[in-house]
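Asker: Dropping in input27.txt, with compact mmCIF, C-alpha atoms.
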```txt
# COMPACT_ATOMS: atom_id res chain seq x y z
CA MET A 1 132.11 -82.05 -76.56
CA LEU A 2 131.52 -84.31 -73.58
CA VAL A 3 134.69 -82.94 -71.94
CA VAL A 4 133.32 -79.39 -72.31
CA ALA A 5 129.98 -80.36 -70.79
CA ILE A 6 131.68 -82.11 -67.86
CA LEU A 7 134.13 -79.27 -67.17
CA ALA A 8 131.39 -76.62 -67.31
CA SER A 9 129.24 -78.47 -64.79
CA PHE A 10 132.19 -79.70 -62.72
CA VAL A 11 133.25 -76.18 -61.77
CA SER A 12 129.70 -75.29 -60.74
CA PHE A 13 129.20 -78.35 -58.52
CA LEU A 14 132.71 -78.16 -57.09
CA ASP A 15 132.09 -74.62 -55.91
CA GLY A 16 129.03 -75.79 -54.03
CA THR A 17 131.19 -77.77 -51.57
CA VAL A 18 134.79 -76.56 -51.94
CA VAL A 19 133.89 -73.49 -49.87
CA ASN A 20 132.84 -75.52 -46.81
CA VAL A 21 136.33 -76.00 -45.38
CA ALA A 22 137.12 -72.32 -46.00
CA LEU A 23 134.19 -71.11 -43.90
CA PRO A 24 136.05 -70.83 -40.56
CA ALA A 25 138.82 -68.79 -42.22
CA ILE A 26 136.24 -66.59 -43.96
CA ALA A 27 134.40 -66.03 -40.67
CA ASP A 28 137.65 -65.17 -38.88
CA GLU A 29 138.52 -62.51 -41.44
CA LEU A 30 135.15 -61.13 -42.50
CA GLY A 31 132.64 -62.30 -39.90
CA GLY A 32 132.34 -62.04 -36.17
CA PRO A 33 132.17 -64.17 -33.03
CA GLY A 34 129.40 -66.63 -32.18
CA ALA A 35 126.09 -66.33 -33.98
CA ALA A 36 127.32 -63.55 -36.30
CA GLY A 37 130.09 -65.77 -37.62
CA LEU A 38 127.74 -68.73 -38.06
CA SER A 39 125.23 -66.56 -39.91
CA LEU A 40 127.91 -65.41 -42.37
CA GLN A 41 129.01 -69.00 -42.93
CA GLN A 42 125.43 -70.03 -43.69
CA TRP A 43 124.97 -67.14 -46.12
CA VAL A 44 128.22 -67.88 -47.97
CA VAL A 45 126.84 -71.35 -48.71
CA ASP A 46 123.18 -70.46 -49.18
CA GLY A 47 123.78 -67.26 -51.16
CA TYR A 48 125.18 -69.48 -53.90
CA LEU A 49 122.52 -72.16 -53.59
CA VAL A 50 119.52 -69.81 -53.53
CA THR A 51 120.24 -68.35 -56.98
CA LEU A 52 121.55 -71.63 -58.40
CA GLY A 53 118.54 -73.63 -57.19
CA SER A 54 115.91 -71.10 -58.22
CA LEU A 55 117.31 -70.30 -61.67
CA ILE A 56 118.68 -73.64 -62.87
CA LEU A 57 115.34 -74.56 -64.46
CA VAL A 58 114.65 -71.28 -66.22
CA ALA A 59 118.22 -71.44 -67.53
CA GLY A 60 117.11 -74.49 -69.51
CA SER A 61 114.56 -72.33 -71.29
CA LEU A 62 117.20 -69.67 -71.94
CA SER A 63 119.40 -72.26 -73.64
CA ASP A 64 116.52 -73.30 -75.88
CA VAL A 65 115.57 -69.72 -76.76
CA HIS A 66 119.06 -68.28 -77.28
CA GLY A 67 121.14 -71.35 -78.15
CA ARG A 68 122.90 -73.77 -75.82
CA LYS A 69 126.48 -72.97 -76.79
CA ARG A 70 125.89 -69.23 -76.41
CA VAL A 71 124.26 -69.57 -72.98
CA LEU A 72 126.99 -71.94 -71.82
CA GLY A 73 129.67 -69.46 -72.87
CA LEU A 74 127.85 -66.62 -71.11
CA GLY A 75 127.59 -68.71 -67.96
CA LEU A 76 131.31 -69.51 -68.01
CA VAL A 77 132.31 -65.87 -68.40
CA GLY A 78 129.89 -64.82 -65.66
CA PHE A 79 131.18 -67.55 -63.36
CA ALA A 80 134.77 -66.37 -63.83
CA VAL A 81 133.86 -62.73 -63.12
CA ALA A 82 131.80 -63.65 -60.04
CA SER A 83 134.61 -65.92 -58.76
CA ALA A 84 137.06 -63.01 -59.02
CA LEU A 85 134.62 -60.79 -57.10
CA CYS A 86 134.40 -63.45 -54.38
CA ALA A 87 138.19 -63.67 -54.14
CA LEU A 88 138.50 -59.89 -53.84
CA ALA A 89 135.56 -59.36 -51.43
CA PRO A 90 136.55 -56.91 -48.67
CA THR A 91 133.56 -57.62 -46.41
CA GLY A 92 131.12 -60.40 -45.60
CA PRO A 93 128.09 -58.79 -47.31
CA VAL A 94 130.10 -58.19 -50.49
CA LEU A 95 131.17 -61.83 -50.48
CA VAL A 96 127.57 -63.01 -50.09
CA VAL A 97 126.39 -60.83 -53.00
CA ALA A 98 129.27 -62.14 -55.14
CA ARG A 99 128.30 -65.70 -54.21
CA MET A 100 124.74 -65.02 -55.33
CA LEU A 101 126.05 -63.75 -58.68
CA GLN A 102 128.18 -66.89 -58.88
CA GLY A 103 125.03 -68.95 -58.41
CA VAL A 104 123.29 -67.09 -61.24
CA ALA A 105 126.16 -67.94 -63.59
CA GLY A 106 126.35 -71.49 -62.28
CA ALA A 107 122.66 -71.98 -63.07
CA LEU A 108 123.41 -71.29 -66.74
CA LEU A 109 126.05 -74.03 -66.86
CA VAL A 110 124.21 -77.18 -65.78
CA PRO A 111 121.16 -77.34 -68.12
CA SER A 112 123.15 -76.01 -71.09
CA SER A 113 125.84 -78.66 -70.68
CA LEU A 114 123.19 -81.37 -70.40
CA ALA A 115 121.36 -80.03 -73.44
CA LEU A 116 124.60 -80.20 -75.44
CA ILE A 117 125.00 -83.85 -74.48
CA ILE A 118 121.41 -84.72 -75.37
CA SER A 119 121.55 -82.94 -78.72
CA THR A 120 124.87 -84.58 -79.63
CA PHE A 121 124.41 -88.19 -78.49
CA ASP A 122 121.61 -90.67 -79.18
CA GLY A 123 120.46 -93.98 -77.73
CA GLU A 124 122.93 -95.93 -75.63
CA ALA A 125 125.68 -93.39 -76.30
CA GLN A 126 123.48 -90.71 -74.75
CA GLY A 127 122.89 -92.84 -71.66
CA ARG A 128 126.63 -93.43 -71.23
CA ALA A 129 127.36 -89.72 -71.70
CA ILE A 130 124.78 -88.72 -69.10
CA GLY A 131 126.18 -91.36 -66.76
CA ARG A 132 129.70 -89.98 -67.11
CA TRP A 133 128.41 -86.43 -66.62
CA THR A 134 126.59 -87.51 -63.46
CA ALA A 135 129.62 -89.39 -62.12
CA TRP A 136 131.98 -86.46 -62.57
CA THR A 137 129.60 -83.84 -61.16
CA GLY A 138 128.95 -86.10 -58.16
CA THR A 139 132.70 -86.50 -57.67
CA ALA A 140 133.09 -82.71 -57.78
CA MET A 141 130.75 -82.35 -54.81
CA ILE A 142 132.65 -84.97 -52.82
CA VAL A 143 136.26 -83.88 -53.48
CA GLY A 144 135.39 -80.23 -52.76
CA PRO A 145 136.34 -80.30 -49.04
CA PHE A 146 139.72 -81.90 -49.83
CA VAL A 147 140.59 -79.35 -52.52
CA GLY A 148 139.36 -76.44 -50.43
CA GLY A 149 141.29 -77.53 -47.36
CA GLY A 150 144.58 -77.65 -49.22
CA LEU A 151 144.02 -74.20 -50.75
CA VAL A 152 143.12 -72.63 -47.40
CA ASP A 153 146.15 -73.99 -45.56
CA LEU A 154 148.70 -73.58 -48.34
CA ALA A 155 147.57 -70.17 -49.56
CA SER A 156 144.35 -68.41 -48.46
CA TRP A 157 140.61 -68.95 -48.49
CA ARG A 158 140.52 -66.54 -51.43
CA TRP A 159 142.22 -69.15 -53.60
CA VAL A 160 139.11 -71.31 -53.25
CA PHE A 161 137.62 -68.84 -55.74
CA TRP A 162 140.71 -67.96 -57.80
CA ILE A 163 141.14 -71.65 -58.72
CA ASN A 164 137.95 -71.47 -60.82
CA LEU A 165 139.49 -69.11 -63.37
CA PRO A 166 141.95 -71.46 -65.12
CA VAL A 167 139.27 -74.17 -65.35
CA VAL A 168 136.88 -71.69 -66.95
CA VAL A 169 139.52 -70.46 -69.41
CA VAL A 170 140.32 -74.02 -70.53
CA THR A 171 136.60 -74.78 -70.94
CA LEU A 172 136.02 -71.63 -72.99
CA VAL A 173 138.90 -72.54 -75.31
CA LEU A 174 137.47 -76.02 -75.83
CA LEU A 175 133.95 -74.62 -76.27
CA ARG A 176 135.08 -72.55 -79.28
CA LYS A 177 135.86 -75.80 -81.11
CA VAL A 178 132.40 -77.24 -80.48
CA PRO A 179 129.98 -76.66 -83.38
CA SER A 180 126.64 -75.14 -82.49
CA PRO A 181 124.36 -78.22 -82.42
CA GLU A 182 121.15 -76.38 -83.06
CA ALA A 183 119.48 -73.07 -83.72
CA ALA A 184 117.26 -71.46 -81.14
CA VAL A 185 113.98 -73.29 -80.69
CA ALA A 186 111.14 -71.35 -82.29
CA GLY A 187 108.15 -70.58 -80.13
CA ARG A 188 109.89 -71.10 -76.79
CA ARG A 189 109.48 -68.47 -74.09
CA VAL A 190 111.38 -67.77 -70.91
CA ASP A 191 109.17 -68.24 -67.87
CA VAL A 192 110.03 -64.90 -66.24
CA PRO A 193 107.13 -64.89 -63.71
CA GLY A 194 108.04 -68.41 -62.62
CA ALA A 195 111.70 -67.50 -62.22
CA VAL A 196 110.85 -64.42 -60.14
CA LEU A 197 108.42 -66.31 -57.90
CA ALA A 198 110.89 -69.15 -57.32
CA ALA A 199 113.86 -66.86 -56.64
CA VAL A 200 112.04 -64.44 -54.32
CA GLY A 201 110.19 -67.23 -52.52
CA LEU A 202 113.37 -69.21 -51.85
CA ALA A 203 115.32 -66.10 -50.86
CA ALA A 204 112.62 -64.98 -48.41
CA ALA A 205 112.32 -68.44 -46.84
CA VAL A 206 116.09 -68.85 -46.49
CA PHE A 207 116.52 -65.35 -45.08
CA GLY A 208 113.83 -66.06 -42.51
CA LEU A 209 115.34 -69.41 -41.51
CA ILE A 210 118.91 -68.12 -41.15
CA GLU A 211 117.95 -64.92 -39.33
CA ARG A 212 114.99 -66.61 -37.57
CA ILE A 213 112.44 -64.12 -38.87
CA TRP A 214 109.39 -66.34 -39.13
CA PRO A 215 107.09 -63.96 -41.08
CA ALA A 216 109.70 -64.02 -43.86
CA VAL A 217 109.58 -67.84 -43.82
CA VAL A 218 105.79 -67.74 -44.16
CA ALA A 219 105.94 -65.16 -46.96
CA GLY A 220 108.50 -67.28 -48.79
CA GLY A 221 106.32 -70.35 -48.41
CA VAL A 222 103.31 -68.52 -49.81
CA LEU A 223 105.30 -67.34 -52.84
CA LEU A 224 106.50 -70.88 -53.50
CA VAL A 225 102.89 -72.13 -53.43
CA VAL A 226 101.96 -69.39 -55.89
CA PHE A 227 104.94 -70.50 -58.01
CA VAL A 228 103.57 -74.06 -58.24
CA LEU A 229 100.10 -72.73 -59.14
CA TRP A 230 101.62 -70.53 -61.83
CA GLU A 231 103.58 -73.44 -63.29
CA ARG A 232 100.33 -75.36 -63.73
CA ARG A 233 98.99 -72.71 -66.11
CA ALA A 234 102.15 -71.28 -67.69
CA ARG A 235 102.44 -71.81 -71.44
CA ASP A 236 106.14 -72.69 -71.23
CA PRO A 237 106.80 -73.52 -67.54
CA MET A 238 110.32 -73.67 -66.10
CA LEU A 239 109.12 -76.63 -64.00
CA PRO A 240 107.06 -79.00 -66.20
CA LEU A 241 104.73 -80.58 -63.66
CA ARG A 242 103.76 -83.27 -66.17
CA LEU A 243 107.06 -85.01 -65.39
CA PHE A 244 105.79 -85.80 -61.90
CA ALA A 245 103.03 -87.96 -63.37
CA ALA A 246 105.70 -90.67 -63.64
CA ARG A 247 105.71 -92.46 -60.27
CA ASN A 248 109.45 -93.09 -60.02
CA PHE A 249 110.24 -89.52 -61.05
CA ALA A 250 107.96 -88.05 -58.40
CA TRP A 251 108.98 -90.34 -55.54
CA GLY A 252 112.61 -90.32 -56.63
CA ASN A 253 112.73 -86.54 -56.30
CA VAL A 254 111.19 -86.73 -52.82
CA ALA A 255 113.94 -89.18 -51.91
CA THR A 256 116.48 -86.85 -53.52
CA PHE A 257 115.30 -83.97 -51.34
CA ALA A 258 115.77 -86.01 -48.16
CA VAL A 259 119.10 -87.58 -49.13
CA TYR A 260 120.77 -84.49 -50.58
CA GLY A 261 119.41 -82.31 -47.80
CA ALA A 262 121.15 -84.68 -45.40
CA LEU A 263 124.39 -84.59 -47.40
CA SER A 264 124.52 -80.78 -47.31
CA LEU A 265 123.62 -80.55 -43.63
CA GLY A 266 125.97 -83.32 -42.53
CA GLY A 267 128.89 -82.12 -44.64
CA PHE A 268 128.47 -78.51 -43.50
CA VAL A 269 128.28 -79.30 -39.79
CA LEU A 270 130.96 -82.02 -39.79
CA THR A 271 133.46 -79.78 -41.57
CA LEU A 272 132.86 -76.92 -39.14
CA PHE A 273 133.02 -79.19 -36.08
CA LEU A 274 136.32 -80.77 -37.10
CA GLN A 275 137.92 -77.33 -37.47
CA GLN A 276 136.22 -75.11 -34.92
CA VAL A 277 135.76 -77.60 -32.07
CA ALA A 278 138.22 -80.45 -32.65
CA GLY A 279 141.03 -78.21 -33.91
CA TYR A 280 141.66 -79.88 -37.27
CA SER A 281 143.38 -77.79 -39.92
CA ALA A 282 141.43 -77.07 -43.11
CA THR A 283 143.53 -79.63 -44.98
CA ALA A 284 143.07 -82.26 -42.26
CA ALA A 285 139.31 -81.69 -42.27
CA GLY A 286 139.26 -82.20 -46.04
CA VAL A 287 141.52 -85.27 -45.96
CA ALA A 288 139.41 -86.73 -43.13
CA GLN A 289 136.47 -87.03 -45.53
CA LEU A 290 138.42 -88.72 -48.33
CA PRO A 291 137.21 -92.24 -47.40
CA THR A 292 133.76 -91.24 -48.65
CA THR A 293 135.25 -90.09 -51.96
CA ILE A 294 137.27 -93.28 -52.33
CA ALA A 295 134.23 -95.43 -51.60
CA MET A 296 132.17 -93.54 -54.18
CA LEU A 297 134.82 -93.87 -56.88
CA ALA A 298 135.41 -97.56 -56.14
CA LEU A 299 131.83 -98.75 -55.69
CA SER A 300 129.36 -96.46 -57.47
CA THR A 301 129.76 -98.01 -60.90
CA ARG A 302 129.35 -101.51 -59.45
CA PHE A 303 126.14 -100.64 -57.61
CA GLY A 304 124.85 -98.79 -60.67
CA THR A 305 125.36 -101.95 -62.72
CA LEU A 306 123.63 -104.09 -60.11
CA ALA A 307 120.70 -101.67 -59.97
CA GLY A 308 120.41 -101.89 -63.75
CA ARG A 309 120.20 -105.67 -63.42
CA TYR A 310 117.94 -106.04 -60.39
CA GLY A 311 116.15 -102.70 -60.20
CA ALA A 312 116.84 -99.55 -58.18
CA ARG A 313 114.22 -99.86 -55.42
CA TRP A 314 116.12 -101.89 -52.84
CA PHE A 315 119.40 -100.08 -53.46
CA MET A 316 117.62 -96.76 -52.91
CA THR A 317 116.06 -98.21 -49.73
CA ILE A 318 119.10 -99.85 -48.18
CA GLY A 319 121.71 -97.30 -49.23
CA PRO A 320 120.34 -94.24 -47.40
CA VAL A 321 119.66 -96.32 -44.26
CA VAL A 322 123.27 -97.56 -44.24
CA ALA A 323 124.46 -93.97 -44.77
CA GLY A 324 122.29 -92.87 -41.84
CA VAL A 325 123.88 -95.53 -39.64
CA GLY A 326 127.24 -94.05 -40.56
CA TYR A 327 126.20 -90.68 -39.14
CA LEU A 328 124.84 -92.31 -36.00
CA LEU A 329 128.22 -93.98 -35.45
CA MET A 330 129.73 -90.49 -35.25
CA LEU A 331 127.70 -89.82 -32.10
CA THR A 332 130.73 -91.22 -30.25
CA MET A 333 132.64 -88.09 -31.25
CA ASP A 334 133.72 -85.64 -28.53
CA GLU A 335 135.99 -82.56 -28.55
CA SER A 336 139.02 -84.66 -29.47
CA ALA A 337 137.36 -86.20 -32.56
CA ASP A 338 139.89 -89.03 -32.58
CA TYR A 339 140.06 -89.95 -36.24
CA LEU A 340 140.61 -93.70 -36.11
CA THR A 341 138.02 -94.48 -33.44
CA GLN A 342 135.42 -91.69 -33.70
CA VAL A 343 135.50 -90.30 -37.24
CA LEU A 344 136.70 -92.97 -39.69
CA PRO A 345 134.24 -95.80 -38.86
CA GLY A 346 131.21 -93.57 -39.43
CA LEU A 347 132.63 -92.11 -42.65
CA LEU A 348 133.36 -95.58 -44.05
CA VAL A 349 129.82 -96.79 -43.38
CA PHE A 350 128.42 -93.51 -44.73
CA GLY A 351 130.54 -93.84 -47.88
CA LEU A 352 129.28 -97.38 -48.43
CA GLY A 353 125.66 -96.27 -48.07
CA LEU A 354 126.15 -93.32 -50.39
CA SER A 355 127.77 -95.56 -53.00
CA ILE A 356 124.77 -97.89 -52.87
CA THR A 357 122.40 -94.94 -53.30
CA VAL A 358 123.58 -92.37 -55.83
CA ALA A 359 123.81 -94.21 -59.17
CA PRO A 360 120.54 -96.16 -58.70
CA LEU A 361 118.78 -92.95 -57.63
CA THR A 362 119.93 -91.09 -60.74
CA ALA A 363 119.09 -94.03 -63.00
CA ALA A 364 115.60 -94.45 -61.54
CA ILE A 365 114.74 -90.77 -61.98
CA LEU A 366 116.14 -90.34 -65.50
CA GLY A 367 114.76 -93.71 -66.53
CA ALA A 368 111.26 -92.63 -65.52
CA ALA A 369 111.26 -89.65 -67.89
CA PRO A 370 110.77 -89.88 -71.68
CA THR A 371 114.03 -89.75 -73.63
CA ALA A 372 113.07 -86.40 -75.10
CA ASP A 373 112.78 -84.98 -71.58
CA ALA A 374 116.07 -86.36 -70.24
CA GLY A 375 117.66 -82.91 -70.08
CA ILE A 376 114.85 -81.17 -68.21
CA ALA A 377 114.36 -84.23 -65.99
CA SER A 378 117.99 -84.08 -64.92
CA ALA A 379 117.77 -80.31 -64.45
CA VAL A 380 114.71 -80.75 -62.21
CA ASN A 381 116.49 -83.39 -60.15
CA ASN A 382 119.58 -81.19 -59.81
CA ALA A 383 117.41 -78.26 -58.77
CA VAL A 384 115.69 -80.41 -56.13
CA SER A 385 119.05 -81.48 -54.69
CA ARG A 386 120.33 -77.87 -54.55
CA VAL A 387 117.16 -76.55 -52.94
CA ALA A 388 117.32 -79.38 -50.39
CA GLY A 389 120.84 -78.32 -49.42
CA LEU A 390 119.74 -74.71 -49.35
CA VAL A 391 116.96 -75.44 -46.85
CA THR A 392 118.95 -77.72 -44.54
CA VAL A 393 121.94 -75.37 -44.33
CA ALA A 394 119.54 -72.51 -43.59
CA LEU A 395 118.18 -74.59 -40.69
CA VAL A 396 121.61 -75.10 -39.10
CA GLY A 397 121.12 -72.19 -36.71
CA VAL A 398 117.80 -73.63 -35.55
CA ILE A 399 119.28 -77.11 -35.09
CA VAL A 400 122.48 -76.14 -33.27
CA GLY A 401 121.03 -73.15 -31.43
CA GLY A 402 123.57 -70.60 -32.67
CA THR A 403 126.62 -72.27 -31.09
CA LEU A 404 128.39 -75.35 -32.40
CA ASP A 405 129.57 -77.64 -29.59
CA VAL A 406 129.49 -81.38 -28.92
CA ASP A 407 125.82 -81.46 -27.89
CA SER A 408 124.57 -79.35 -30.81
CA PHE A 409 126.78 -81.31 -33.20
CA HIS A 410 125.17 -84.53 -32.00
CA ARG A 411 121.72 -83.03 -32.63
CA ALA A 412 122.77 -82.22 -36.20
CA LEU A 413 124.06 -85.78 -36.65
CA ILE A 414 120.72 -87.21 -35.53
CA VAL A 415 118.79 -84.91 -37.90
CA THR A 416 121.12 -85.88 -40.76
CA ALA A 417 120.67 -89.60 -40.04
CA GLY A 418 116.91 -89.10 -39.80
CA LEU A 419 116.79 -87.44 -43.23
CA LEU A 420 118.81 -90.26 -44.76
CA VAL A 421 116.59 -92.95 -43.26
CA ALA A 422 113.54 -90.99 -44.45
CA GLY A 423 114.97 -91.04 -47.98
CA GLY A 424 115.27 -94.83 -47.77
CA LEU A 425 111.72 -95.25 -46.49
CA VAL A 426 110.34 -92.96 -49.20
CA SER A 427 112.11 -95.11 -51.81
CA LEU A 428 110.70 -98.29 -50.28
CA ALA A 429 107.18 -96.90 -50.37
CA GLY A 430 107.28 -95.16 -53.74
CA ILE A 431 109.84 -96.61 -56.15
CA ARG A 432 108.73 -99.45 -58.39
CA ASP A 433 111.11 -101.48 -60.54
CA PRO A 434 110.02 -101.91 -64.17
CA ARG A 435 108.81 -105.39 -64.93
CA ARG A 436 111.25 -107.40 -66.95
CA SER A 437 110.39 -109.86 -69.67
CA ALA A 438 110.97 -113.58 -69.30
CA GLY A 439 113.99 -113.23 -71.56
CA ASP A 440 115.47 -110.51 -69.34
CA ARG A 441 114.98 -112.68 -66.26
CA ALA A 442 116.64 -115.60 -67.99
CA VAL A 443 119.64 -113.48 -68.90
CA THR A 444 119.87 -112.15 -65.34
CA GLY A 445 119.62 -115.64 -63.92
CA ALA A 446 122.34 -116.87 -66.26
CA ALA A 447 124.55 -113.99 -65.17
```
Give the structure from the file, written as structure tokens.

Answerer:
Amino acid sequence: MLVVAILASFVSFLDGTVVNVALPAIADELGGPGAAGLSLQQWVVDGYLVTLGSLILVAGSLSDVHGRKRVLGLGLVGFAVASALCALAPTGPVLVVARMLQGVAGALLVPSSLALIISTFDGEAQGRAIGRWTAWTGTAMIVGPFVGGGLVDLASWRWVFWINLPVVVVTLVLLRKVPSPEAAVAGRRVDVPGAVLAAVGLAAAVFGLIERIWPAVVAGGVLLVVFVLWERRARDPMLPLRLFAARNFAWGNVATFAVYGALSLGGFVLTLFLQQVAGYSATAAGVAQLPTTIAMLALSTRFGTLAGRYGARWFMTIGPVVAGVGYLLMLTMDESADYLTQVLPGLLVFGLGLSITVAPLTAAILGAAPTADAGIASAVNNAVSRVAGLVTVALVGVIVGGTLDVDSFHRALIVTAGLLVAGGLVSLAGIRDPRRSAGDRAVTGAA
């Protein structure tokens, strides 16, 4: 069952980043020169994130109303169909629409897979299962550029989408063997007004940011404010605002917005710069970022254990600052982007900072929510991270001025570092470590 939950979410998170290294090839075939090509690249990323981020919460309600296994299966089938449409897209607009459909299906996967875990496991076993789910979905986001680069260079950018189909088929086969853990929850309703307000508000704001149509940004902002007001009075809200009464949950999600917004912005711009300015192949651009993946795999569990022993606050403070320093080190990069002297040092420091950050951040947020709300708490945190990436990628055109060169790349690096440092400062100000008993302190001291 845990394998099914991990695979279902893995393919959704992988697709959020695997496309990045394919963007130059997509723009060459379906886009246009200069700003037109950059706009298409932004929409290919944000078309997916806007539907995923706005619907991931209401999908949790759908799984409760209609059954988690059924919704998960529907999401997998929809994801396969949308992936095929992406691979076959003849034009840029068709690809963007297919990516939006892919995001809709992806939104059904994450909360349903989490709900399966929560309804199957209890106590410490549940915590371990959620930890493994988080580790694998985080890894999917990090290995995406490497996988995508190989597919683009060895075959075509279209294989970035075709590769989803065998994973979905395997997951569907395994899902058939999983017993339905529960019947539909009586009395639950789908928050349709909330879903519409969130989706339209995000879409309008992102459209305005990418195309620089400021009235659309304002209209989107107004709709999002109305969405929050609606959630306060909705009988069965897709965003339970009561969760934010927990200090660490509220501040942890603010930190998540800053940190994951930085990750999306930095990864997007760095991948494009290495290919379009420095002349790296898609594979080389993906391989170049492997040190971050290796650092995460090697160190995340260790820092998660330490945070469990000493508390998450200082790890969440120091980690993002160290990661920000990593991006500042890349300010030495010029058109050559010499890997050993200009790229690798910054990526190593960034990988260390990210390893210090991610597991403690997840633990602090989930630990602040009641056990019964672990699924929705994780869904909220995932939605916050996707919306953060959605907003920062939409702002790329504003930050780089429509043309990616050394100067505009350096501006993006500074903004990325600033967001990471802000995430650390937010954690310092807001996160509080639970008080431990004298017995806990004695055990820690003995360890």

Asker: Which one of A:Val65, A:Ala216, A:Ala337, A:Ala388 sits closest to A:Asp46 if you count all atoms listed in the file?

Answerer: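 Of A:Val65, A:Ala216, A:Ala337, A:Ala388, the one nearest A:Asp46, counting all atoms listed in the file, is A:Ala388.
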
Asker: Considering all atoms listed in the file, return as number ranges by chain whatever protein or nucleic-acid residues lie within 8 Å of stretch 223-227 of chain A, sequence-local ones (same chain, fewer than 2 positions apart) excluded.

Answerer: A: 194, 197-198, 200-202, 219-221, 229-231

Asker: Residues within 10 Å of (130.0, -84.5, -43.7), file coordinates, counting only C-alpha atoms: what are they? Give the list as a PDB file with C-alpha atoms, keeping the file's coordinate frame.

Answerer:
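Saved the output as result.pdb:
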```pdb
ATOM      1  CA  ASN A  20     132.840 -75.520 -46.810  1.00  0.00           C
ATOM      2  CA  ILE A 142     132.650 -84.970 -52.820  1.00  0.00           C
ATOM      3  CA  PRO A 145     136.340 -80.300 -49.040  1.00  0.00           C
ATOM      4  CA  ALA A 262     121.150 -84.680 -45.400  1.00  0.00           C
ATOM      5  CA  LEU A 263     124.390 -84.590 -47.400  1.00  0.00           C
ATOM      6  CA  SER A 264     124.520 -80.780 -47.310  1.00  0.00           C
ATOM      7  CA  LEU A 265     123.620 -80.550 -43.630  1.00  0.00           C
ATOM      8  CA  GLY A 266     125.970 -83.320 -42.530  1.00  0.00           C
ATOM      9  CA  GLY A 267     128.890 -82.120 -44.640  1.00  0.00           C
ATOM     10  CA  PHE A 268     128.470 -78.510 -43.500  1.00  0.00           C
ATOM     11  CA  VAL A 269     128.280 -79.300 -39.790  1.00  0.00           C
ATOM     12  CA  LEU A 270     130.960 -82.020 -39.790  1.00  0.00           C
ATOM     13  CA  THR A 271     133.460 -79.780 -41.570  1.00  0.00           C
ATOM     14  CA  LEU A 272     132.860 -76.920 -39.140  1.00  0.00           C
ATOM     15  CA  PHE A 273     133.020 -79.190 -36.080  1.00  0.00           C
ATOM     16  CA  LEU A 274     136.320 -80.770 -37.100  1.00  0.00           C
ATOM     17  CA  ALA A 285     139.310 -81.690 -42.270  1.00  0.00           C
ATOM     18  CA  GLY A 286     139.260 -82.200 -46.040  1.00  0.00           C
ATOM     19  CA  ALA A 288     139.410 -86.730 -43.130  1.00  0.00           C
ATOM     20  CA  GLN A 289     136.470 -87.030 -45.530  1.00  0.00           C
ATOM     21  CA  THR A 292     133.760 -91.240 -48.650  1.00  0.00           C
ATOM     22  CA  TYR A 327     126.200 -90.680 -39.140  1.00  0.00           C
ATOM     23  CA  LEU A 347     132.630 -92.110 -42.650  1.00  0.00           C
ATOM     24  CA  PHE A 350     128.420 -93.510 -44.730  1.00  0.00           C
ATOM     25  CA  LEU A 413     124.060 -85.780 -36.650  1.00  0.00           C
ATOM     26  CA  THR A 416     121.120 -85.880 -40.760  1.00  0.00           C
TER      27      THR A 416
END
```

Asker: For stretch 74-82 of chain A, please output as an MDAnalysis selection string all residues within 7 Å (counting only C-alpha atoms; exclusion window: fewer than 3 positions along the same chain).

Answerer: chainID A and resid 70:71 85:86 98 101:102 105:106 108:109 164:165 168

Asker: Save out the residues we just selected, C-alpha atoms, as a PDB file, keeping the file's coordinate frame.

Answerer:
```
ATOM      1  CA  ARG A  70     125.890 -69.230 -76.410  1.00  0.00           C
ATOM      2  CA  VAL A  71     124.260 -69.570 -72.980  1.00  0.00           C
ATOM      3  CA  LEU A  85     134.620 -60.790 -57.100  1.00  0.00           C
ATOM      4  CA  CYS A  86     134.400 -63.450 -54.380  1.00  0.00           C
ATOM      5  CA  ALA A  98     129.270 -62.140 -55.140  1.00  0.00           C
ATOM      6  CA  LEU A 101     126.050 -63.750 -58.680  1.00  0.00           C
ATOM      7  CA  GLN A 102     128.180 -66.890 -58.880  1.00  0.00           C
ATOM      8  CA  ALA A 105     126.160 -67.940 -63.590  1.00  0.00           C
ATOM      9  CA  GLY A 106     126.350 -71.490 -62.280  1.00  0.00           C
ATOM     10  CA  LEU A 108     123.410 -71.290 -66.740  1.00  0.00           C
ATOM     11  CA  LEU A 109     126.050 -74.030 -66.860  1.00  0.00           C
ATOM     12  CA  ASN A 164     137.950 -71.470 -60.820  1.00  0.00           C
ATOM     13  CA  LEU A 165     139.490 -69.110 -63.370  1.00  0.00           C
ATOM     14  CA  VAL A 168     136.880 -71.690 -66.950  1.00  0.00           C
TER      15      VAL A 168
END
```

Asker: Report, in Å to a single decimal, how far apart atom CA of A:Ala359 and atom CA of A:Ser300 are.

Answerer: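 Between atom CA of A:Ser300 and atom CA of A:Ala359 the gap works out to 6.2 Å.
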
Asker: Mind giving me the straight-line distance from atom CA of A:Leu116 to atom CA of A:Gly148 in Å, one decimal?

Answerer: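 Atom CA of A:Leu116 sits 29.3 Å away from atom CA of A:Gly148.
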
Asker: If I put a ball of radius 10 Å at (120.0, -83.2, -49.9) in the file's coordinates, which residues poke into it when counting all atoms listed in the file, written as a PyMOL selection string?

Answerer: chain A and resi 254-266+384-393+416+419-420+423

Asker: Can you tell me how far atom CA of A:Ser355 sits from atom CA of A:Thr293, in Å to one decimal?

Answerer: 9.3 Å
